[in-house]
Amino acid sequence: MIRVQNLVKAFGSFTAVNDVSFDVAAGEIFAFLGPNGAGKTTTIKMLTTLLHPTSGSIELDGLDPQTHQNQARQRFGIVFQDPSLDGDLTAWENMEIHGVLYHVPHKVRHQRSEELLKLFELWDRRDDQVKKFSGGMKRRLEIARGFLHTPKILFLDEPTLGLDPQSRNQLWSHVKRVNETENVTVMLTTHYMDEADRVAHRIGIIDHGKLVTQGTPAEIKEQTATTSLEDAFLKLTGSNIRDESAGSADQMRQFAKMWQQQRR
Amino acid sequence: MSAIYILWLRELKRYTRSRSQIIASLGQPMLYLLVLGFGLNPVFKRAGYGSYFQFIAPGVIGMSVLFSSIFSGLGLLWDRQFGFLKETLVAPVPRIQIMIGRTLGGCTVAVIQGLLVLVICLISGFRPASWVAIPVAVGFMVLIAMLFAALGVIFGSSLQDMQGFQLIMNFLVLPIYFLSGAMFPLTNQGKILSFITALDPLSYGIDGMRSVLLSAVTFRPAFGISIDLAVLVVVGTILLILGAWRFSKIEA
């Protein structure tokens, strides 16, 4: 369903994603793990048409998201790592916009919005402006919105960030449900290894832009001779803490470069 | 089509929900209109140009349409900051429809803003040459709004964050306003100023509005209504195409 070959993304002199290749079969739940700044989100952005790869090829359901942007977009849904709600609109209106943009028919849209808002316990607050919501509520709304249409492929970029255990449970059981009943292919990233271990069929671990290993959770544990995925992860990626952002001077240089490229 | 509609509606909802902003955005035009309008009135009259209040009213209307339409395009920067832009960029809707929906929304808001200022003008004593001129003037407001909403989209899609905003304000929006002849007659100016003002698209919008709203006795058009119309339509179309192209290239 997803086929990535020799994918590279460079920002100036920095290579965020370096020669990454993997396949995700239809109906599979694939967890993409890695330390901060490893290239997970950049990869997902390229898969979801938000960034152009520097080189390499991507296929979503047999389509190249570069050349068939709209057809590719019709096939996936995404929950972003960072917020993407309109704070001036109410929860219900945010759901509505999403439903319309994804061509969900009127009746189905209303019915599903109600179900999802109830499932994620936002129904009572549906007519409140999103900017009045707490961080956790916003997160829940983003997730509810992500499930409004039924895509073939669902990208979840650190969906459980900032969620309480109850909502996390709710989320993963819902992910499993749509995966089993509607055969949705899921690609997710998370920093909670136990979640990946529990939910994912297969796992890929990325570090410094390179795919270090991939396989089932059991395979990865076996390969590293560890008993938990967390230990395996630390063994593969080392225990150093990563600096996600560059120094301010670097950032400005980077920015200047990107700006110049944009202008050209 | 429904995507265009829902994004248009979004812009309107955001506008009507920010009451304090609506009132704040009327403050500046009112200052220009009431203070400058009445303050310079005697001098203007003595120079033989008629009432300055009558003269500046269409200019102030043009100013508020300019500001709110260009800011609606720059609203892209806010949406980028708060993340909503991504939500629309990955949706299975052609980018052109997203751009059209947003731009029409911004345009509608700008025209409403212009109408509010027009009402203020009428309340404070502005009298059009004839009442049938008002719908034609509204037509000019629509053209001005389209043109500058498109210009806003071009800059909004090219900038990465809010830091460029001040730059645009000081080196684009304010010059467009001051050089448009909103506050002074464009006729009988020196060569350099005439040349620069002729490059400013807003000059044609305001000249057009004055041509229909003011009586031919006191106001002599700088370009003439058919040239005004032609320039606004042609430049507006070019900017819309450019805006759509820039918008289709956005990466997030």
# chains A, B, ... in the order shown; residues from 1 in each chain; ligands from 1
$ interface_residues --of "chain B" --to "chain A" --cutoff "12 Å" --atoms "only C-alpha atoms" --output "PyMOL selection string"
chain B and resi 1-18+78-98+101+154-155+157-161+164+246+248-252
$ write_last_selection --atoms "C-alpha atoms" --output "PDB file, in the first residue's frame"
ATOM      1  CA  MET B   1     -17.694  23.720  -5.172  1.00  0.00           C
ATOM      2  CA  SER B   2     -18.628  22.823  -1.609  1.00  0.00           C
ATOM      3  CA  ALA B   3     -14.984  23.233  -0.617  1.00  0.00           C
ATOM      4  CA  ILE B   4     -14.988  26.790  -1.952  1.00  0.00           C
ATOM      5  CA  TYR B   5     -18.211  27.502  -0.091  1.00  0.00           C
ATOM      6  CA  ILE B   6     -17.077  26.132   3.257  1.00  0.00           C
ATOM      7  CA  LEU B   7     -13.784  28.040   3.153  1.00  0.00           C
ATOM      8  CA  TRP B   8     -15.626  31.212   2.168  1.00  0.00           C
ATOM      9  CA  LEU B   9     -17.980  30.665   5.089  1.00  0.00           C
ATOM     10  CA  ARG B  10     -15.037  30.122   7.404  1.00  0.00           C
ATOM     11  CA  GLU B  11     -13.593  33.532   6.560  1.00  0.00           C
ATOM     12  CA  LEU B  12     -16.951  35.177   7.211  1.00  0.00           C
ATOM     13  CA  LYS B  13     -17.417  33.392  10.520  1.00  0.00           C
ATOM     14  CA  ARG B  14     -13.977  34.387  11.668  1.00  0.00           C
ATOM     15  CA  TYR B  15     -14.746  37.978  10.740  1.00  0.00           C
ATOM     16  CA  THR B  16     -18.117  38.208  12.451  1.00  0.00           C
ATOM     17  CA  ARG B  17     -16.747  36.556  15.584  1.00  0.00           C
ATOM     18  CA  SER B  18     -14.022  39.120  16.117  1.00  0.00           C
ATOM     19  CA  TRP B  78      -1.608  33.006  10.716  1.00  0.00           C
ATOM     20  CA  ASP B  79      -2.996  29.749   9.438  1.00  0.00           C
ATOM     21  CA  ARG B  80       0.510  28.511   8.878  1.00  0.00           C
ATOM     22  CA  GLN B  81       1.454  29.527  12.420  1.00  0.00           C
ATOM     23  CA  PHE B  82      -1.573  27.871  13.989  1.00  0.00           C
ATOM     24  CA  GLY B  83      -1.396  24.866  11.706  1.00  0.00           C
ATOM     25  CA  PHE B  84      -4.788  25.058  10.040  1.00  0.00           C
ATOM     26  CA  LEU B  85      -3.132  25.618   6.667  1.00  0.00           C
ATOM     27  CA  LYS B  86      -1.783  22.047   6.659  1.00  0.00           C
ATOM     28  CA  GLU B  87      -5.254  20.681   7.196  1.00  0.00           C
ATOM     29  CA  THR B  88      -6.424  22.336   3.973  1.00  0.00           C
ATOM     30  CA  LEU B  89      -3.239  21.544   2.049  1.00  0.00           C
ATOM     31  CA  VAL B  90      -3.500  17.772   2.450  1.00  0.00           C
ATOM     32  CA  ALA B  91      -7.222  17.678   1.696  1.00  0.00           C
ATOM     33  CA  PRO B  92      -8.214  15.967  -1.560  1.00  0.00           C
ATOM     34  CA  VAL B  93      -9.358  19.241  -3.072  1.00  0.00           C
ATOM     35  CA  PRO B  94      -7.460  20.997  -5.856  1.00  0.00           C
ATOM     36  CA  ARG B  95      -5.374  23.784  -4.342  1.00  0.00           C
ATOM     37  CA  ILE B  96      -6.949  26.243  -6.738  1.00  0.00           C
ATOM     38  CA  GLN B  97     -10.339  25.678  -5.061  1.00  0.00           C
ATOM     39  CA  ILE B  98      -8.834  26.258  -1.639  1.00  0.00           C
ATOM     40  CA  GLY B 101     -12.533  29.891  -1.365  1.00  0.00           C
ATOM     41  CA  ILE B 154       1.110  35.966  -3.223  1.00  0.00           C
ATOM     42  CA  PHE B 155       3.015  37.351  -0.256  1.00  0.00           C
ATOM     43  CA  SER B 157       2.379  31.983   0.335  1.00  0.00           C
ATOM     44  CA  SER B 158       5.920  33.199  -0.156  1.00  0.00           C
ATOM     45  CA  LEU B 159       6.708  34.137   3.431  1.00  0.00           C
ATOM     46  CA  GLN B 160       7.494  31.499   6.013  1.00  0.00           C
ATOM     47  CA  ASP B 161       6.485  33.252   9.207  1.00  0.00           C
ATOM     48  CA  GLY B 164       7.956  39.466   7.341  1.00  0.00           C
ATOM     49  CA  ARG B 246       2.253  30.592  -5.618  1.00  0.00           C
ATOM     50  CA  SER B 248      -0.047  25.648  -5.415  1.00  0.00           C
ATOM     51  CA  LYS B 249       3.675  25.660  -4.590  1.00  0.00           C
ATOM     52  CA  ILE B 250       3.325  25.961  -0.811  1.00  0.00           C
ATOM     53  CA  GLU B 251       5.187  23.347   1.185  1.00  0.00           C
ATOM     54  CA  ALA B 252       4.573  22.932   4.886  1.00  0.00           C
TER      55      ALA B 252
END
$ residues_around --residues "Gly73 in chain B" --least-positions-apart "4" --cutoff "8 Å" --atoms "only C-alpha atoms" --output "PyMOL selection string"
chain B and resi 69+102-103+106+148-156
$ write_last_selection --atoms "C-alpha atoms" --output "PDB file, in the first residue's frame"
ATOM      1  CA  SER B  69      -8.279  42.461   1.641  1.00  0.00           C
ATOM      2  CA  ARG B 102     -10.148  31.789   0.873  1.00  0.00           C
ATOM      3  CA  THR B 103      -9.793  34.695  -1.532  1.00  0.00           C
ATOM      4  CA  GLY B 106     -11.385  37.653   2.220  1.00  0.00           C
ATOM      5  CA  PHE B 148      -5.384  43.061  -3.207  1.00  0.00           C
ATOM      6  CA  ALA B 149      -6.626  39.798  -1.713  1.00  0.00           C
ATOM      7  CA  ALA B 150      -4.709  38.130  -4.545  1.00  0.00           C
ATOM      8  CA  LEU B 151      -1.643  40.240  -3.788  1.00  0.00           C
ATOM      9  CA  GLY B 152      -1.931  39.212  -0.134  1.00  0.00           C
ATOM     10  CA  VAL B 153      -2.048  35.548  -1.142  1.00  0.00           C
ATOM     11  CA  ILE B 154       1.110  35.966  -3.223  1.00  0.00           C
ATOM     12  CA  PHE B 155       3.015  37.351  -0.256  1.00  0.00           C
ATOM     13  CA  GLY B 156       1.307  35.082   2.259  1.00  0.00           C
TER      14      GLY B 156
END
$ residues_around --residues "range 183-187 of chain A" --least-positions-apart "6" --cutoff "6 Å" --atoms "only C-alpha atoms" --output "number ranges by chain"
A: 26-31, 152-155
$ write_last_selection --atoms "C-alpha atoms" --output "JSON list (two decimals), in the first residue's frame"
[["chain", "number", "residue", "atom", "x", "y", "z"],
["A", 26, "ALA", "CA", -2.43, -3.25, 2.75],
["A", 27, "GLY", "CA", -4.18, -3.69, 6.08],
["A", 28, "GLU", "CA", -0.96, -3.49, 8.05],
["A", 29, "ILE", "CA", -0.23, -1.28, 11.06],
["A", 30, "PHE", "CA", 3.29, 0.04, 10.68],
["A", 31, "ALA", "CA", 5.00, 1.94, 13.49],
["A", 152, "LYS", "CA", -7.30, 3.68, 2.71],
["A", 153, "ILE", "CA", -4.19, 4.81, 4.54],
["A", 154, "LEU", "CA", -4.14, 6.60, 7.88],
["A", 155, "PHE", "CA", -1.07, 8.51, 9.03]]
$ residues_around --residues "Ala133 in chain B" --least-positions-apart "3" --cutoff "7 Å" --atoms "only C-alpha atoms" --output "list in words"
Ser130, Val136, Ala137, Val212 and Leu213 of chain B
$ write_last_selection --atoms "N, CA and C atoms" --output "mmCIF file, in the first residue's frame"
data_model
loop_
_atom_site.group_PDB
_atom_site.id
_atom_site.type_symbol
_atom_site.label_atom_id
_atom_site.label_comp_id
_atom_site.auth_asym_id
_atom_site.auth_seq_id
_atom_site.Cartn_x
_atom_site.Cartn_y
_atom_site.Cartn_z
ATOM 1 N N SER B 130 -25.165 60.963 -7.074
ATOM 2 C CA SER B 130 -26.512 60.399 -7.211
ATOM 3 C C SER B 130 -26.527 59.060 -6.485
ATOM 4 N N VAL B 136 -22.485 51.083 -8.289
ATOM 5 C CA VAL B 136 -21.292 51.083 -9.145
ATOM 6 C C VAL B 136 -20.040 51.205 -8.291
ATOM 7 N N ALA B 137 -20.110 52.062 -7.269
ATOM 8 C CA ALA B 137 -18.966 52.210 -6.366
ATOM 9 C C ALA B 137 -18.684 50.889 -5.652
ATOM 10 N N VAL B 212 -17.520 58.006 -10.018
ATOM 11 C CA VAL B 212 -18.955 57.741 -9.940
ATOM 12 C C VAL B 212 -19.624 58.441 -8.764
ATOM 13 N N LEU B 213 -18.884 58.621 -7.660
ATOM 14 C CA LEU B 213 -19.531 59.148 -6.458
ATOM 15 C C LEU B 213 -19.573 60.680 -6.411
#
$ atom_distance --atom1 "CA of Met63 in chain B" --atom2 "CA of Pro185 in chain B"
15.2 Å
$ residues_around --residues "range 186-190 of chain B" --least-positions-apart "5" --cutoff "10 Å" --atoms "only C-alpha atoms" --output "list in words"
Leu179, Ser180, Gly181, Phe195, Thr197, Ala198, Ser203, Asp207, Phe219, Arg220, Pro221, Ala222 and Phe223 of chain B
$ write_last_selection --atoms "N, CA and C atoms" --output "PDB file, in the first residue's frame"
ATOM      1  N   LEU B 179       0.354  56.361  -1.990  1.00  0.00           N
ATOM      2  CA  LEU B 179       0.589  56.744  -3.382  1.00  0.00           C
ATOM      3  C   LEU B 179      -0.651  56.616  -4.256  1.00  0.00           C
ATOM      4  N   SER B 180      -1.787  56.263  -3.650  1.00  0.00           N
ATOM      5  CA  SER B 180      -2.957  55.999  -4.472  1.00  0.00           C
ATOM      6  C   SER B 180      -3.771  57.254  -4.747  1.00  0.00           C
ATOM      7  N   GLY B 181      -3.366  58.361  -4.154  1.00  0.00           N
ATOM      8  CA  GLY B 181      -4.189  59.555  -4.310  1.00  0.00           C
ATOM      9  C   GLY B 181      -5.447  59.488  -3.465  1.00  0.00           C
ATOM     10  N   PHE B 195       4.086  59.597 -12.250  1.00  0.00           N
ATOM     11  CA  PHE B 195       4.530  58.303 -12.756  1.00  0.00           C
ATOM     12  C   PHE B 195       4.311  57.213 -11.707  1.00  0.00           C
ATOM     13  N   THR B 197       2.375  57.224  -9.001  1.00  0.00           N
ATOM     14  CA  THR B 197       0.973  56.971  -8.654  1.00  0.00           C
ATOM     15  C   THR B 197       0.276  56.189  -9.764  1.00  0.00           C
ATOM     16  N   ALA B 198       0.732  56.369 -11.003  1.00  0.00           N
ATOM     17  CA  ALA B 198       0.110  55.631 -12.098  1.00  0.00           C
ATOM     18  C   ALA B 198       0.456  54.147 -12.046  1.00  0.00           C
ATOM     19  N   SER B 203      -4.707  53.445  -7.154  1.00  0.00           N
ATOM     20  CA  SER B 203      -5.033  54.751  -7.749  1.00  0.00           C
ATOM     21  C   SER B 203      -6.254  54.623  -8.658  1.00  0.00           C
ATOM     22  N   ASP B 207      -9.792  56.356  -8.096  1.00  0.00           N
ATOM     23  CA  ASP B 207     -10.203  57.263  -9.167  1.00  0.00           C
ATOM     24  C   ASP B 207     -11.574  56.852  -9.713  1.00  0.00           C
ATOM     25  N   PHE B 219     -14.944  67.309  -9.317  1.00  0.00           N
ATOM     26  CA  PHE B 219     -13.880  66.304  -9.456  1.00  0.00           C
ATOM     27  C   PHE B 219     -13.567  65.998 -10.912  1.00  0.00           C
ATOM     28  N   ARG B 220     -12.281  66.158 -11.258  1.00  0.00           N
ATOM     29  CA  ARG B 220     -11.848  65.744 -12.589  1.00  0.00           C
ATOM     30  C   ARG B 220     -11.068  64.438 -12.466  1.00  0.00           C
ATOM     31  N   PRO B 221     -11.524  63.342 -13.116  1.00  0.00           N
ATOM     32  CA  PRO B 221     -10.833  62.058 -12.998  1.00  0.00           C
ATOM     33  C   PRO B 221      -9.407  62.145 -13.533  1.00  0.00           C
ATOM     34  N   ALA B 222      -8.499  61.394 -12.915  1.00  0.00           N
ATOM     35  CA  ALA B 222      -7.118  61.389 -13.370  1.00  0.00           C
ATOM     36  C   ALA B 222      -6.935  60.466 -14.568  1.00  0.00           C
ATOM     37  N   PHE B 223      -7.704  59.373 -14.593  1.00  0.00           N
ATOM     38  CA  PHE B 223      -7.521  58.405 -15.675  1.00  0.00           C
ATOM     39  C   PHE B 223      -8.781  58.231 -16.527  1.00  0.00           C
TER      40      PHE B 223
END
$ closest_residue --among "A:Thr150, A:Ala218, A:Gly37, A:Ala144" --to "Glu115 in chain A" --atoms "only C-alpha atoms"
A:Ala144
$ residues_around --residues "Ile238 in chain B" --least-positions-apart "2" --cutoff "12 Å" --atoms "only C-alpha atoms" --output "ChimeraX atom specification"
/B:146-148,150-151,154,231-236,240-245
$ residues_around --residues "Pro159 in chain A" --least-positions-apart "4" --cutoff "9 Å" --atoms "only C-alpha atoms" --output "ChimeraX atom specification"
/A:79-81,139-140,142-143,163,168,171,188-190
$ write_last_selection --atoms "C-alpha atoms" --output "PDB file, in the first residue's frame"
ATOM      1  CA  VAL A  79      -3.430  13.333  12.262  1.00  0.00           C
ATOM      2  CA  PHE A  80      -0.594  15.821  12.512  1.00  0.00           C
ATOM      3  CA  GLN A  81       1.988  15.989  15.240  1.00  0.00           C
ATOM      4  CA  ARG A 139      -5.621  16.759  20.680  1.00  0.00           C
ATOM      5  CA  ARG A 140      -8.724  14.597  21.045  1.00  0.00           C
ATOM      6  CA  GLU A 142      -7.762  16.426  16.023  1.00  0.00           C
ATOM      7  CA  ILE A 143      -7.903  12.689  16.382  1.00  0.00           C
ATOM      8  CA  LEU A 163      -3.122  12.567  25.887  1.00  0.00           C
ATOM      9  CA  ARG A 168      -4.828   6.874  24.588  1.00  0.00           C
ATOM     10  CA  LEU A 171      -7.496   5.958  20.428  1.00  0.00           C
ATOM     11  CA  LEU A 188       2.069   5.770  12.967  1.00  0.00           C
ATOM     12  CA  THR A 189       4.865   7.336  14.926  1.00  0.00           C
ATOM     13  CA  THR A 190       5.096   7.438  18.694  1.00  0.00           C
TER      14      THR A 190
END
$ atom_distance --atom1 "CA of Phe233 in chain A" --atom2 "CA of Ser21 in chain A"
19.0 Å
